Amino acid sequence: MLSIELERDTHRDAIRTVTEAAFAASEFGHNGEADLVDALRKASEQTLGFVAIQDEAVVGHVMFSPVTIRANNETLTGMGLAPLSVLPTNQRTGIGSQLVTTGLQHLSSINTAFTVVAGDPKFYARFRFVPAFNFGITHGFQGMPQSIFQIRFPSPEDDPEKKHVREGLAFYLPAFGPQHENFS
Ligand SMILES: CC(C)(COP(=O)(O)OP(=O)(O)OC[C@H]1O[C@@H](n2cnc3c(N)ncnc32)[C@H](O)[C@@H]1OP(=O)(O)O)[C@@H](O)C(=O)NCCC(=O)NCCS
């Protein structure tokens with residue numbers, strides 16, 4: 001049976017193993033994701049991690065850390081989903097999806113204004129992520145296509161009752177690396 005739980009200190013070694021294995025077998029990533037997970041925990045108390053447990057072992061992990069969007073006259077804080085890792089032997093069985101779904105439900109319960117992710121739109125569209133560029137929201141990572149940068153608001157983008165932030169630049173925690181103010 002699979003369960004998704006908030007990560008605890010006792011999961012940390014297993015999370016490192018899962019993260020390294022997932023990204024080593026992936027065309028994405030830069031091999032620094034396990035260190036990034038540790039750095040994000042230290043960088044902000046708002047960072048949230050969830051583990052997927054199967055047969056008492058950690059088989060997947062997802063992390064959410066604060067992201068700010070600087071628009072014209074306001075700064076809005078939400079969360080960024082990264083990294084997401086599932087052990088290669090356990091992939092394509094729905095574990096990644098359950099980690100994302102549970103994480104988003106939790107963020108919704110604490111009234112998170114938005115969630116962003118940089119990843120394959122084919123995977124993330126099913127969770128109602130849409131291209132951030134639709135809202136004029138961009139990231140500042142050099143070399144990363146804007147087309148894979150996506151955003152999800154708690155209510156659908158066509159909800160006339162909601163005003164979603166527009167025309168802004170998103171900033172992840174510095175642990176993610178340099179982000180440029182005027183990158184386009
Ligand atoms: C991406 C990842 C977390 C998905 O985990 P998973 O447990 O295999 O995901 P699921 O089983 O919930 O897959 C759900 C769907 O996504 C699809 N999918 C999985 N990985 C995908 C990928 N890299 N690209 C496109 N689609 C993908 C599956 O085919 C499946 O689609 P289907 O239900 O229509 O068959 C996992 O492949 C992984 O750890 N990859 C290496 C690290 C990585 O790339 N992380 C994401 C960085 S943004």
# chains A, B, ... in the order shown; residues from 1 in each chain; ligands from 1

$ residues_around --residues "region 71-87 of chain A" --least-positions-apart "6" --cutoff "8 Å" --atoms "only C-alpha atoms" --output "PDB file with C-alpha atoms, in the first residue's frame"
ATOM      1  CA  VAL A  18      15.613   8.466  -3.877  1.00  0.00           C
ATOM      2  CA  THR A  19      16.495  11.918  -5.230  1.00  0.00           C
ATOM      3  CA  ALA A  21      18.568   7.702  -8.105  1.00  0.00           C
ATOM      4  CA  ALA A  22      15.659   9.481  -9.786  1.00  0.00           C
ATOM      5  CA  PHE A  23      17.757  12.225 -11.344  1.00  0.00           C
ATOM      6  CA  GLU A  33      19.082  17.903  -6.582  1.00  0.00           C
ATOM      7  CA  VAL A  37      16.702  19.449  -1.015  1.00  0.00           C
ATOM      8  CA  VAL A  59      10.017   5.472  -2.821  1.00  0.00           C
ATOM      9  CA  GLY A  60       9.272   9.092  -3.724  1.00  0.00           C
ATOM     10  CA  HIS A  61       9.637  12.651  -2.532  1.00  0.00           C
ATOM     11  CA  VAL A  62       8.459  16.127  -3.451  1.00  0.00           C
ATOM     12  CA  MET A  63       9.481  19.481  -2.068  1.00  0.00           C
ATOM     13  CA  PHE A  64       7.761  22.853  -2.110  1.00  0.00           C
ATOM     14  CA  SER A  65       9.628  26.065  -1.221  1.00  0.00           C
ATOM     15  CA  ILE A  95       3.437   7.681  -7.198  1.00  0.00           C
ATOM     16  CA  GLY A  96       4.629  10.996  -8.686  1.00  0.00           C
ATOM     17  CA  THR A 112      -1.144  29.271  -0.822  1.00  0.00           C
ATOM     18  CA  ALA A 113      -1.680  31.964  -3.470  1.00  0.00           C
ATOM     19  CA  PHE A 114      -0.058  30.054  -6.346  1.00  0.00           C
ATOM     20  CA  THR A 115       2.283  27.176  -7.128  1.00  0.00           C
ATOM     21  CA  VAL A 116       4.887  27.259  -9.873  1.00  0.00           C
ATOM     22  CA  VAL A 117       6.875  24.450 -11.447  1.00  0.00           C
ATOM     23  CA  ALA A 118       9.521  24.081 -14.139  1.00  0.00           C
ATOM     24  CA  VAL A 165      -1.441  38.178 -10.622  1.00  0.00           C
ATOM     25  CA  ARG A 166      -0.184  39.259 -14.043  1.00  0.00           C
ATOM     26  CA  GLU A 167       3.031  40.561 -15.559  1.00  0.00           C
ATOM     27  CA  GLY A 168       5.574  39.581 -12.940  1.00  0.00           C
ATOM     28  CA  LEU A 169       8.968  38.004 -12.435  1.00  0.00           C
ATOM     29  CA  TYR A 172      12.875  31.055  -6.236  1.00  0.00           C
TER      30      TYR A 172
END

$ select_by_dssp --residues "region 91-167 of chain A" --states "strand (DSSP E or B)" --output "ChimeraX atom specification"
/A:115-118,130-131,137-139,149-152

$ write_last_selection --atoms "C-alpha atoms" --output "mmCIF file, in the first residue's frame"
data_model
loop_
_atom_site.group_PDB
_atom_site.id
_atom_site.type_symbol
_atom_site.label_atom_id
_atom_site.label_comp_id
_atom_site.auth_asym_id
_atom_site.auth_seq_id
_atom_site.Cartn_x
_atom_site.Cartn_y
_atom_site.Cartn_z
ATOM 1 C CA THR A 115 2.283 27.176 -7.128
ATOM 2 C CA VAL A 116 4.887 27.259 -9.873
ATOM 3 C CA VAL A 117 6.875 24.450 -11.447
ATOM 4 C CA ALA A 118 9.521 24.081 -14.139
ATOM 5 C CA VAL A 130 -0.720 26.283 -17.169
ATOM 6 C CA PRO A 131 2.115 28.138 -18.874
ATOM 7 C CA ILE A 137 4.906 35.702 -15.499
ATOM 8 C CA THR A 138 8.475 34.688 -16.246
ATOM 9 C CA HIS A 139 11.395 33.129 -14.391
ATOM 10 C CA PHE A 149 7.658 27.324 -16.521
ATOM 11 C CA GLN A 150 4.114 26.787 -15.309
ATOM 12 C CA ILE A 151 1.777 28.177 -12.684
ATOM 13 C CA ARG A 152 -1.288 26.905 -10.898
#

$ closest_residue --among "A:Ser3, A:Gln54, A:Gln46, A:Ser97" --to "ligand 1" --atoms "only C-alpha atoms and all ligand atoms"
A:Ser97

$ closest_residue --among "A:Asp55, A:Glu45, A:Asp13, A:Asp120" --to "ligand 1" --atoms "only C-alpha atoms and all ligand atoms"
A:Asp120

$ atom_distance --atom1 "CA of Phe141 (chain A)" --atom2 "atom 8 (O, counted along the ligand's line) of ligand 1"
25.7 Å

$ atom_distance --atom1 "CA of Ala170 (chain A)" --atom2 "CA of Phe28 (chain A)"
21.0 Å

$ select_by_dssp --residues "region 114-149 of chain A" --states "alpha helix (DSSP H)" --output "list in words"
Pro121, Lys122, Phe123 and Tyr124 of chain A

$ write_last_selection --atoms "N, CA and C atoms" --output "PDB file, in the first residue's frame"
ATOM      1  N   PRO A 121       5.392  20.060 -19.463  1.00  0.00           N
ATOM      2  CA  PRO A 121       3.957  20.384 -19.428  1.00  0.00           C
ATOM      3  C   PRO A 121       3.072  19.150 -19.647  1.00  0.00           C
ATOM      4  N   LYS A 122       3.573  18.149 -20.350  1.00  0.00           N
ATOM      5  CA  LYS A 122       2.769  16.937 -20.574  1.00  0.00           C
ATOM      6  C   LYS A 122       2.443  16.254 -19.245  1.00  0.00           C
ATOM      7  N   PHE A 123       3.352  16.346 -18.307  1.00  0.00           N
ATOM      8  CA  PHE A 123       3.121  15.750 -16.987  1.00  0.00           C
ATOM      9  C   PHE A 123       2.293  16.678 -16.098  1.00  0.00           C
ATOM     10  N   TYR A 124       2.636  17.975 -16.089  1.00  0.00           N
ATOM     11  CA  TYR A 124       2.042  18.867 -15.086  1.00  0.00           C
ATOM     12  C   TYR A 124       0.672  19.431 -15.471  1.00  0.00           C
TER      13      TYR A 124
END

$ atom_distance --atom1 "atom 5 (O, counted along the ligand's line) of ligand 1" --atom2 "CA of Thr10 (chain A)"
22.6 Å

$ closest_residue --among "A:Ser155, A:Gln91, A:Ser44, A:Ser147" --to "Phe133 (chain A)" --atoms "only C-alpha atoms"
A:Ser147

$ closest_residue --among "A:Gln105, A:Thr89, A:Thr68, A:Gln179" --to "ligand 1" --atoms "only C-alpha atoms and all ligand atoms"
A:Thr89

$ residues_around --residues "Ala175 (chain A)" --least-positions-apart "5" --cutoff "9 Å" --atoms "only C-alpha atoms" --output "list in words"
Leu36, Ala39, Leu40 and Ala43 of chain A

$ closest_residue --among "A:Arg41, A:Arg126, A:His11, A:Arg16" --to "ligand 1" --atoms "only C-alpha atoms and all ligand atoms"
A:Arg126

$ closest_residue --among "A:Pro88, A:Gly49, A:Gly143, A:Gly136" --to "Val100 (chain A)" --atoms "only C-alpha atoms"
A:Gly49

$ residues_around --residues "Pro156 (chain A)" --least-positions-apart "5" --cutoff "10 Å" --atoms "only C-alpha atoms" --output "number ranges by chain"
A: 128-130, 162, 164
